[in-house]
file input.cif (mmCIF, C-alpha atoms)
data_model
loop_
_atom_site.label_atom_id
_atom_site.label_comp_id
_atom_site.auth_asym_id
_atom_site.auth_seq_id
_atom_site.Cartn_x
_atom_site.Cartn_y
_atom_site.Cartn_z
CA MET K 181 0.00 0.00 0.00
CA ASP K 182 1.28 3.50 -0.79
CA ALA K 183 2.56 5.73 2.03
CA GLU K 184 -0.03 8.44 1.43
CA ARG K 185 -2.88 5.97 1.81
CA LEU K 186 -1.42 4.58 5.04
CA VAL K 187 -1.02 8.09 6.43
CA ALA K 188 -4.66 8.84 5.56
CA ILE K 189 -5.74 5.67 7.37
CA GLY K 190 -3.68 6.73 10.39
CA ARG K 191 -5.18 10.22 10.43
CA ARG K 192 -8.68 8.79 10.25
CA ALA K 193 -7.93 6.30 13.06
CA LEU K 194 -6.47 9.06 15.23
CA ALA K 195 -9.54 11.25 14.67
CA GLU K 196 -11.77 8.37 15.77
CA CYS K 197 -9.90 7.78 19.06
CA ARG K 198 -12.18 8.07 22.06
CA VAL K 199 -9.90 6.98 24.91
CA ALA K 200 -6.33 7.74 25.93
CA PHE K 201 -5.11 4.22 25.22
CA ASP K 202 -6.26 4.50 21.60
CA VAL K 203 -4.37 7.78 21.17
CA VAL K 204 -1.20 6.14 22.49
CA VAL K 205 -1.70 3.22 20.10
CA GLU K 206 -2.10 5.62 17.17
CA ALA K 207 1.02 7.53 18.25
CA TRP K 208 2.91 4.24 18.14
CA GLN K 209 1.38 3.45 14.71
CA ALA K 210 2.47 6.86 13.39
CA GLN K 211 6.04 6.29 14.59
CA ALA K 212 6.10 2.84 13.00
CA LEU K 213 4.91 4.40 9.74
CA ALA K 214 7.53 7.17 9.98
CA GLN K 215 10.18 4.49 10.50
CA ALA K 216 8.96 2.53 7.47
CA ILE K 217 8.76 5.58 5.20
CA GLY K 218 12.19 6.75 6.35
CA GLY K 219 13.63 3.28 5.74
CA ARG K 220 12.10 3.07 2.28
CA LEU K 221 13.39 6.52 1.28
CA ALA K 222 16.83 5.76 2.73
CA VAL K 223 17.14 2.78 0.41
CA SER K 224 15.33 3.80 -2.74
CA GLY K 225 14.32 7.44 -2.40
CA PRO K 226 15.91 10.46 -4.05
CA GLN K 227 19.64 10.56 -3.36
CA GLU K 228 19.43 13.95 -1.67
CA LEU K 229 17.05 12.55 0.99
CA ARG K 230 18.79 9.34 1.92
CA GLY K 231 20.84 10.59 4.87
CA GLU K 232 17.97 12.45 6.49
CA ALA K 233 15.64 9.51 5.73
CA ARG K 234 17.98 7.23 7.68
CA GLY K 235 17.75 9.70 10.55
CA LEU K 236 13.95 9.60 10.40
CA SER K 237 13.94 5.82 10.39
CA GLU K 238 16.34 5.61 13.32
CA ALA K 239 14.53 8.26 15.40
CA SER K 240 11.16 6.66 14.77
CA GLY K 241 12.58 3.24 15.57
CA ARG K 242 13.80 4.49 18.94
CA ALA K 243 10.32 5.87 19.58
CA GLY K 244 8.82 2.46 18.84
CA ILE K 245 10.71 1.08 21.82
CA LEU K 246 8.45 3.25 23.96
CA ALA K 247 5.38 1.38 22.76
CA ASP K 248 3.22 -0.18 25.39
CA PRO K 249 3.13 -3.97 24.93
CA ALA K 250 -0.66 -3.70 24.93
CA ALA K 251 -0.40 -1.47 21.86
CA LEU K 252 1.51 -4.23 20.12
CA ARG K 253 -1.44 -6.55 20.66
CA SER K 254 -3.69 -4.16 18.74
CA GLY K 255 -2.92 -5.84 15.45
CA GLY K 256 0.67 -4.85 14.86
CA PRO K 257 1.97 -1.98 12.82
CA ARG K 258 -0.06 -0.74 9.89
CA ALA K 259 3.32 0.25 8.45
CA ALA K 260 3.98 -3.39 7.59
CA GLN K 261 1.60 -2.85 4.65
CA LEU K 262 3.87 -0.18 3.11
CA THR K 263 4.84 -1.18 -0.41
CA GLU K 264 5.94 2.13 -1.93
CA VAL K 265 6.52 5.82 -1.50
CA ALA K 266 5.35 6.86 -4.95
CA ASN K 267 5.61 10.61 -4.36
CA PRO K 268 8.11 11.49 -1.62
CA TRP K 269 6.95 15.12 -1.40
CA ARG K 270 3.28 14.27 -0.84
CA ALA K 271 4.09 11.33 1.45
CA LEU K 272 6.37 13.43 3.66
CA ASP K 273 3.92 16.33 3.72
CA ALA K 274 1.12 13.99 4.81
CA LEU K 275 3.38 12.28 7.36
CA GLY K 276 4.33 15.65 8.83
CA THR K 277 0.66 16.49 9.24
CA LEU K 278 -0.02 13.14 10.92
CA LEU K 279 2.89 13.58 13.33
CA GLY K 280 1.65 17.06 14.23
CA GLU K 281 -1.84 15.74 14.89
CA VAL K 282 -0.40 12.92 17.00
CA GLY K 283 1.54 15.45 19.08
CA ILE K 284 -1.58 17.53 19.67
CA ALA K 285 -3.63 14.47 20.64
CA LEU K 286 -0.90 13.32 23.03
CA VAL K 287 -0.78 16.74 24.69
CA GLY K 288 -4.52 16.41 25.28
CA VAL K 289 -4.09 12.99 26.86
CA ALA K 290 -1.14 14.13 29.00
CA CYS K 291 -3.10 17.14 30.28
CA ALA K 292 -6.19 15.08 31.08
CA THR K 293 -4.61 12.15 32.88
CA ASP K 294 -3.97 11.72 36.57
CA GLU K 295 -1.94 8.55 35.93
CA GLU K 296 1.75 9.37 36.18
CA GLY K 297 2.89 6.47 33.96
CA LEU K 298 0.55 7.49 31.13
CA TYR K 299 1.61 11.11 31.51
CA TRP K 300 5.30 10.28 31.07
CA GLN K 301 4.56 7.88 28.22
CA CYS K 302 2.77 10.75 26.45
CA ILE K 303 5.65 13.15 27.10
CA GLU K 304 8.14 10.69 25.61
CA ALA K 305 5.87 10.07 22.63
CA ILE K 306 5.45 13.84 22.10
CA ASP K 307 9.24 14.20 22.05
CA ALA K 308 9.53 11.33 19.56
CA ALA K 309 6.86 12.81 17.28
CA ASP K 310 8.63 16.17 17.43
CA GLU K 311 12.01 14.64 16.53
CA SER K 312 10.45 12.72 13.64
CA SER K 313 8.71 15.91 12.49
CA ASP K 314 12.07 17.71 12.45
CA HIS K 315 13.46 15.07 10.07
CA VAL K 316 10.36 15.29 7.86
CA ARG K 317 10.62 19.09 7.66
CA ALA K 318 14.33 18.84 6.80
CA MET K 319 13.56 16.42 3.95
CA LEU K 320 10.76 18.64 2.62
CA HIS K 321 13.13 21.61 2.73
CA ARG K 322 15.80 19.65 0.88
CA LEU K 323 13.26 18.59 -1.78
CA ALA K 324 12.17 22.22 -2.21
CA LEU K 325 15.79 23.34 -2.68
CA CYS K 326 16.44 20.60 -5.23
CA GLU K 327 13.30 21.51 -7.16
CA ARG K 328 14.33 25.18 -7.17
CA ASP K 329 17.77 24.22 -8.52
CA ARG K 330 16.17 22.06 -11.25
CA GLU K 331 13.92 24.96 -12.27
CA ARG K 332 16.89 27.31 -12.46
CA ARG K 333 18.79 24.86 -14.69
CA ARG K 334 15.73 24.42 -16.93
CA ASP K 335 15.32 28.20 -17.24
CA ARG K 336 19.02 28.66 -18.00
CA ASP K 337 18.92 25.92 -20.62
CA ARG K 338 15.82 27.47 -22.24
CA GLU K 339 17.52 30.86 -22.36
CA TRP K 340 20.59 29.30 -23.92
CA ALA K 341 18.50 27.42 -26.49
CA ALA K 342 16.55 30.58 -27.36
CA GLY K 343 19.79 32.56 -27.71
CA ALA K 344 21.33 29.85 -29.87
CA ALA K 345 18.27 29.78 -32.11
CA LEU K 346 18.25 33.56 -32.55
CA GLY K 347 22.01 33.88 -32.91
CA GLY K 348 22.43 31.05 -35.35
CA GLY K 349 23.98 28.68 -32.84
CA SER K 350 26.87 30.94 -31.87
CA ALA K 351 25.41 32.18 -28.59
CA ALA K 352 27.76 31.55 -25.73
CA ARG K 353 26.37 30.08 -22.58
CA ARG K 354 26.84 32.11 -19.44
CA PRO K 355 28.68 30.06 -16.82
CA ASP K 356 26.73 29.02 -13.76
CA PRO K 357 28.70 29.93 -10.62
CA ALA K 358 27.49 26.71 -8.97
CA GLU K 359 28.90 24.55 -11.78
CA PRO K 360 32.47 23.34 -11.53
CA THR K 361 34.74 24.63 -14.26
CA ALA K 362 37.68 22.96 -15.98
CA SER K 363 39.95 25.91 -15.39
CA PRO K 364 39.97 28.69 -12.80
CA PRO K 365 38.20 31.92 -13.81
#

call {"tool": "encode", "arguments": {"input": "input.cif", "output": "structure tokens"}}
result
Amino acid sequence: MDAERLVAIGRRALAECRVAFDVVVEAWQAQALAQAIGGRLAVSGPQELRGEARGLSEASGRAGILADPAALRSGGPRAAQLTEVANPWRALDALGTLLGEVGIALVGVACATDEEGLYWQCIEAIDAADESSDHVRAMLHRLALCERDRERRRDRDREWAAGAALGGGSAARRPDPAEPTASPP
């Protein structure tokens, strides 16, 4: 199943939570999904995301250790159904939204509980969701920068092609300061 669909399922499940335990289970599910998406992108995602994707996978994996054993009995991780991350941008954007919603739901549970163990479990899960969100935001930022660079190269190449067509093929290409040159300027 595609990452975006799994995130949508997770968001719907979180919205339907009626008790604290269910929120904690969905927080664990979201971290398992973040770990799976990070792992998939680290192996077969865009090259520019692989390092940060490994960080997401590792951070989310550490968060999974915090899972209550009862949560594990809830049917296991939905993330096991992940087959692809077809569109990294949309998948990461959706995952970031899910992690934010998980954090908000956990704050609500932490504020409403009188049980110290549940409170601290929520605090740790909030920290984990925040760390995972940081990795997601970094990857989205990196994707945006790469897209901007691709657009600049396309625009430069179009300008060069237009100049070559008008000048009969003798138009010189302006050097790009970001491109390595064979000889010093």

call {"tool": "closest_residue", "arguments": {"input": "input.cif", "among": "K:Arg185, K:His315, K:Arg198, K:Arg191", "to": "Leu236 (chain K)", "atoms": "all atoms listed in the file"}}
result
K:His315

call {"tool": "axis_aligned_box", "arguments": {"input": "input.cif", "around": "region 286-302 of chain K", "padding_each_side": "4 Å", "output": "lines of an AutoDock Vina configuration file"}}
result
center_x = -0.4
center_y = 11.8
center_z = 29.8
size_x = 19.5
size_y = 18.7
size_z = 21.5

call {"tool": "atom_distance", "arguments": {"input": "input.cif", "atom1": "CA of Arg242 (chain K)", "atom2": "CA of Gly256 (chain K)"}}
result
16.6 Å

call {"tool": "residues_around", "arguments": {"input": "input.cif", "residues": "region 271-287 of chain K", "least_positions_apart": "6", "cutoff": "7 Å", "atoms": "all atoms listed in the file", "output": "PyMOL selection string"}}
result
chain K and resi 183-184+187+191+203+207+210+265+302+306+309+313+316+320

call {"tool": "closest_residue", "arguments": {"input": "input.cif", "among": "K:Phe201, K:Trp269, K:Glu327, K:Glu264", "to": "Val223 (chain K)", "atoms": "all atoms listed in the file"}}
result
K:Glu264

call {"tool": "residues_around", "arguments": {"input": "input.cif", "residues": "Val204 (chain K)", "least_positions_apart": "4", "cutoff": "10 Å", "atoms": "only C-alpha atoms", "output": "count of residues only"}}
result
18

call {"tool": "residues_around", "arguments": {"input": "input.cif", "residues": "Leu221 (chain K)", "least_positions_apart": "4", "cutoff": "9 Å", "atoms": "all atoms listed in the file", "output": "ChimeraX atom specification"}}
result
/K:216-217,225-227,229-230,233-234,265,268

call {"tool": "atom_distance", "arguments": {"input": "input.cif", "atom1": "CA of Asn267 (chain K)", "atom2": "CA of Asp202 (chain K)"}}
result
29.2 Å

call {"tool": "closest_residue", "arguments": {"input": "input.cif", "among": "K:Ala266, K:Gly288, K:Glu311, K:Glu206", "to": "Ser237 (chain K)", "atoms": "all atoms listed in the file"}}
result
K:Glu311

call {"tool": "atom_distance", "arguments": {"input": "input.cif", "atom1": "CA of Ala214 (chain K)", "atom2": "CA of Asp182 (chain K)"}}
result
13.0 Å

call {"tool": "decode", "arguments": {"input": "input.cif", "residues": "region 252-292 of chain K", "atoms": "C-alpha atoms", "output": "PDB file, in the first residue's frame"}}
result
ATOM      1  CA  LEU K 252       1.507  -4.226  20.118  1.00  0.00           C
ATOM      2  CA  ARG K 253      -1.444  -6.554  20.658  1.00  0.00           C
ATOM      3  CA  SER K 254      -3.693  -4.159  18.736  1.00  0.00           C
ATOM      4  CA  GLY K 255      -2.921  -5.844  15.451  1.00  0.00           C
ATOM      5  CA  GLY K 256       0.666  -4.849  14.858  1.00  0.00           C
ATOM      6  CA  PRO K 257       1.974  -1.975  12.823  1.00  0.00           C
ATOM      7  CA  ARG K 258      -0.057  -0.737   9.887  1.00  0.00           C
ATOM      8  CA  ALA K 259       3.317   0.254   8.447  1.00  0.00           C
ATOM      9  CA  ALA K 260       3.977  -3.394   7.591  1.00  0.00           C
ATOM     10  CA  GLN K 261       1.604  -2.848   4.655  1.00  0.00           C
ATOM     11  CA  LEU K 262       3.867  -0.177   3.111  1.00  0.00           C
ATOM     12  CA  THR K 263       4.839  -1.184  -0.409  1.00  0.00           C
ATOM     13  CA  GLU K 264       5.938   2.128  -1.929  1.00  0.00           C
ATOM     14  CA  VAL K 265       6.517   5.816  -1.502  1.00  0.00           C
ATOM     15  CA  ALA K 266       5.348   6.865  -4.953  1.00  0.00           C
ATOM     16  CA  ASN K 267       5.609  10.606  -4.363  1.00  0.00           C
ATOM     17  CA  PRO K 268       8.109  11.489  -1.615  1.00  0.00           C
ATOM     18  CA  TRP K 269       6.951  15.116  -1.396  1.00  0.00           C
ATOM     19  CA  ARG K 270       3.280  14.266  -0.836  1.00  0.00           C
ATOM     20  CA  ALA K 271       4.087  11.326   1.455  1.00  0.00           C
ATOM     21  CA  LEU K 272       6.368  13.435   3.658  1.00  0.00           C
ATOM     22  CA  ASP K 273       3.921  16.330   3.717  1.00  0.00           C
ATOM     23  CA  ALA K 274       1.118  13.992   4.811  1.00  0.00           C
ATOM     24  CA  LEU K 275       3.379  12.277   7.364  1.00  0.00           C
ATOM     25  CA  GLY K 276       4.333  15.650   8.827  1.00  0.00           C
ATOM     26  CA  THR K 277       0.660  16.493   9.243  1.00  0.00           C
ATOM     27  CA  LEU K 278      -0.020  13.144  10.918  1.00  0.00           C
ATOM     28  CA  LEU K 279       2.895  13.580  13.327  1.00  0.00           C
ATOM     29  CA  GLY K 280       1.650  17.059  14.235  1.00  0.00           C
ATOM     30  CA  GLU K 281      -1.841  15.742  14.888  1.00  0.00           C
ATOM     31  CA  VAL K 282      -0.403  12.916  16.995  1.00  0.00           C
ATOM     32  CA  GLY K 283       1.536  15.447  19.077  1.00  0.00           C
ATOM     33  CA  ILE K 284      -1.585  17.525  19.674  1.00  0.00           C
ATOM     34  CA  ALA K 285      -3.628  14.466  20.639  1.00  0.00           C
ATOM     35  CA  LEU K 286      -0.898  13.319  23.034  1.00  0.00           C
ATOM     36  CA  VAL K 287      -0.779  16.735  24.692  1.00  0.00           C
ATOM     37  CA  GLY K 288      -4.519  16.412  25.276  1.00  0.00           C
ATOM     38  CA  VAL K 289      -4.088  12.988  26.856  1.00  0.00           C
ATOM     39  CA  ALA K 290      -1.144  14.134  29.004  1.00  0.00           C
ATOM     40  CA  CYS K 291      -3.103  17.143  30.277  1.00  0.00           C
ATOM     41  CA  ALA K 292      -6.192  15.080  31.075  1.00  0.00           C
TER      42      ALA K 292
END
